[in-house]
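Below you'll find the structure, written out as C-alpha coordinates, and then a few comments.
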Amino acid sequence: CQSASFVAFASSCLRNLSKMAFRVAAKRASSALPELIGKTRGMATEKQIWNQIQSTKNIQKITSSMKMVSAAKLKGDENRLARSEPFNAWTFALSGDPVEIEKGSIDSSNFPQKTLVVPLSSDKGLCGGINTFITRSTKEIISSLKADGKECDV
(Lines give C-alpha, C1' and ligand atoms only; values in the text may rest on other atoms or scores of the structure.)
Protein backbone atom coordinates (compact mmCIF):
# COMPACT_ATOMS: atom_id res chain seq x y z
CA CYS A 1 0.00 0.00 0.00
CA GLN A 2 2.86 2.32 0.84
CA SER A 3 4.65 1.53 -2.38
CA ALA A 4 1.56 2.45 -4.42
CA SER A 5 1.27 5.83 -2.70
CA PHE A 6 5.01 6.43 -3.21
CA VAL A 7 4.66 5.65 -6.91
CA ALA A 8 1.69 8.04 -7.17
CA PHE A 9 3.65 10.72 -5.32
CA ALA A 10 6.70 10.24 -7.55
CA SER A 11 4.64 10.36 -10.75
CA SER A 12 2.88 13.54 -9.62
CA CYS A 13 6.27 15.12 -8.81
CA LEU A 14 7.56 14.17 -12.27
CA ARG A 15 4.46 15.70 -13.92
CA ASN A 16 4.87 18.92 -11.95
CA LEU A 17 8.59 19.00 -12.76
CA SER A 18 7.98 18.49 -16.47
CA LYS A 19 5.28 21.20 -16.46
CA MET A 20 7.70 23.57 -14.72
CA ALA A 21 10.47 22.78 -17.21
CA PHE A 22 8.06 23.35 -20.09
CA ARG A 23 7.00 26.73 -18.63
CA VAL A 24 10.63 27.84 -18.24
CA ALA A 25 11.50 26.78 -21.79
CA ALA A 26 8.42 28.52 -23.18
CA LYS A 27 9.25 31.71 -21.27
CA ARG A 28 12.82 31.72 -22.59
CA ALA A 29 11.66 31.11 -26.14
CA SER A 30 9.06 33.89 -25.95
CA SER A 31 11.64 36.38 -24.63
CA ALA A 32 14.02 35.51 -27.50
CA LEU A 33 11.29 35.75 -30.14
CA PRO A 34 11.30 39.58 -30.47
CA GLU A 35 15.07 39.53 -30.96
CA LEU A 36 14.73 37.01 -33.78
CA ILE A 37 11.94 38.97 -35.42
CA GLY A 38 13.89 42.24 -35.16
CA LYS A 39 16.92 40.69 -36.86
CA THR A 40 15.24 40.25 -40.24
CA ARG A 41 16.76 42.27 -43.05
CA GLY A 42 14.76 44.54 -45.27
CA MET A 43 15.58 46.86 -48.12
CA ALA A 44 18.33 49.42 -47.59
CA THR A 45 17.25 53.02 -47.14
CA GLU A 46 18.46 55.83 -49.38
CA LYS A 47 20.67 57.10 -46.55
CA GLN A 48 22.34 53.69 -46.17
CA ILE A 49 22.95 53.44 -49.92
CA TRP A 50 24.37 56.99 -49.99
CA ASN A 51 26.66 56.19 -47.05
CA GLN A 52 27.92 53.04 -48.81
CA ILE A 53 28.65 55.00 -52.00
CA GLN A 54 30.56 57.66 -50.02
CA SER A 55 32.52 54.97 -48.20
CA THR A 56 33.50 53.37 -51.51
CA LYS A 57 34.59 56.74 -52.92
CA ASN A 58 36.73 57.40 -49.84
CA ILE A 59 38.39 53.98 -50.16
CA GLN A 60 39.14 54.73 -53.83
CA LYS A 61 40.75 58.05 -52.87
CA ILE A 62 42.90 56.38 -50.21
CA THR A 63 43.98 53.64 -52.64
CA SER A 64 44.86 56.22 -55.29
CA SER A 65 46.99 58.24 -52.87
CA MET A 66 48.75 55.06 -51.68
CA LYS A 67 49.63 54.24 -55.31
CA MET A 68 51.06 57.72 -55.78
CA VAL A 69 53.16 57.42 -52.62
CA SER A 70 54.53 54.01 -53.64
CA ALA A 71 55.37 55.29 -57.15
CA ALA A 72 57.27 58.22 -55.63
CA LYS A 73 59.17 55.88 -53.30
CA LEU A 74 60.07 53.58 -56.21
CA LYS A 75 61.34 56.52 -58.27
CA GLY A 76 63.46 57.71 -55.34
CA ASP A 77 64.92 54.23 -54.82
CA GLU A 78 65.76 53.96 -58.53
CA ASN A 79 67.51 57.34 -58.43
CA ARG A 80 69.54 56.38 -55.34
CA LEU A 81 70.54 53.09 -57.00
CA ALA A 82 71.68 54.88 -60.16
CA ARG A 83 73.74 57.37 -58.11
CA SER A 84 75.41 54.57 -56.11
CA GLU A 85 76.60 52.49 -59.08
CA PRO A 86 79.96 54.33 -59.45
CA PHE A 87 80.73 53.57 -55.81
CA ASN A 88 80.10 49.85 -56.39
CA ALA A 89 82.33 49.57 -59.49
CA TRP A 90 85.21 48.18 -57.43
CA THR A 91 83.15 45.08 -56.58
CA PHE A 92 83.11 44.00 -60.23
CA ALA A 93 86.91 44.21 -60.37
CA LEU A 94 87.15 42.13 -57.21
CA SER A 95 84.61 39.43 -57.96
CA GLY A 96 83.66 39.62 -61.62
CA ASP A 97 80.10 39.48 -62.75
CA PRO A 98 77.59 38.01 -60.31
CA VAL A 99 76.55 34.41 -60.95
CA GLU A 100 72.82 33.84 -61.03
CA ILE A 101 71.73 30.51 -59.65
CA GLU A 102 68.45 28.85 -60.42
CA LYS A 103 67.00 26.02 -58.39
CA GLY A 104 68.79 22.76 -59.16
CA SER A 105 71.23 24.29 -61.69
CA ILE A 106 74.38 24.52 -59.58
CA ASP A 107 77.45 23.59 -61.65
CA SER A 108 80.58 23.73 -59.50
CA SER A 109 82.94 22.90 -62.38
CA ASN A 110 83.06 26.60 -63.40
CA PHE A 111 84.20 27.70 -59.94
CA PRO A 112 87.95 28.07 -59.19
CA GLN A 113 89.80 25.84 -56.69
CA LYS A 114 89.35 28.35 -53.87
CA THR A 115 86.00 30.13 -53.80
CA LEU A 116 84.41 32.79 -51.63
CA VAL A 117 80.60 32.61 -51.60
CA VAL A 118 78.84 35.84 -50.63
CA PRO A 119 75.11 35.31 -50.29
CA LEU A 120 73.05 38.52 -50.22
CA SER A 121 69.68 38.40 -48.51
CA SER A 122 67.09 40.96 -47.50
CA ASP A 123 65.79 42.14 -44.16
CA LYS A 124 62.67 43.83 -45.52
CA GLY A 125 59.22 42.44 -44.82
CA LEU A 126 57.80 39.37 -46.54
CA CYS A 127 61.16 38.17 -47.89
CA GLY A 128 61.18 34.87 -46.03
CA GLY A 129 60.82 32.83 -49.22
CA ILE A 130 63.68 34.64 -50.91
CA ASN A 131 65.94 34.30 -47.87
CA THR A 132 65.10 30.59 -47.60
CA PHE A 133 65.98 30.07 -51.28
CA ILE A 134 69.29 31.92 -50.81
CA THR A 135 70.16 29.83 -47.74
CA ARG A 136 69.34 26.52 -49.45
CA SER A 137 71.27 27.51 -52.59
CA THR A 138 74.29 28.50 -50.51
CA LYS A 139 74.24 25.14 -48.72
CA GLU A 140 73.95 23.33 -52.09
CA ILE A 141 76.90 25.29 -53.51
CA ILE A 142 79.05 24.52 -50.48
CA SER A 143 78.24 20.80 -50.59
CA SER A 144 78.80 20.70 -54.36
CA LEU A 145 82.17 22.42 -54.05
CA LYS A 146 83.29 20.13 -51.22
CA ALA A 147 82.19 17.09 -53.23
CA ASP A 148 84.45 18.26 -56.10
CA GLY A 149 87.35 18.69 -53.64
CA LYS A 150 87.41 22.50 -53.82
CA GLU A 151 87.84 24.93 -50.95
CA CYS A 152 84.97 27.20 -50.05
CA ASP A 153 84.50 30.10 -47.61
CA VAL A 154 81.25 31.88 -46.84
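Ordered as shown in the C-alpha coordinates, chains take letters A, B, and onward, while each chain numbers its residues from 1 and ligands are numbered from 1 in the order shown.
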
With a distance cut-off of 12 Å and only C-alpha atoms, select the neighbouring residues of Arg136 in chain A, excluding the residue or stretch itself and same-chain residues fewer than 6 positions from it, and output the selection as a PyMOL selection string. chain A and resi 101-104+106+119+121+129-130+142-143

From range 42-114 of chain A, collect each residue whose DSSP state is alpha helix (DSSP H) and return the set as an MDAnalysis selection string. chainID A and resid 46:84 89:95

Residues within 12 Å of Lys146 in chain A, please, as number ranges by chain. Count only C-alpha atoms; anything in the same chain fewer than 2 positions from it doesn't count. A: 108-109, 111, 113-115, 139-144, 148-153

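Straight-line separation from CA of Leu145 in chain A to CA of Asn110 in chain A: 10.3 Å.
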
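Using only C-alpha atoms, the nearest neighbour of Val117 in chain A within the list A:Ala21, A:Ile134, A:Val154, A:Ala147 is A:Val154.
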
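One finds CA of Asn131 in chain A at 23.5 Å from CA of Ser70 in chain A.
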
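Coordinates place CA of Gly125 in chain A at a distance of 28.0 Å from CA of Pro86 in chain A.
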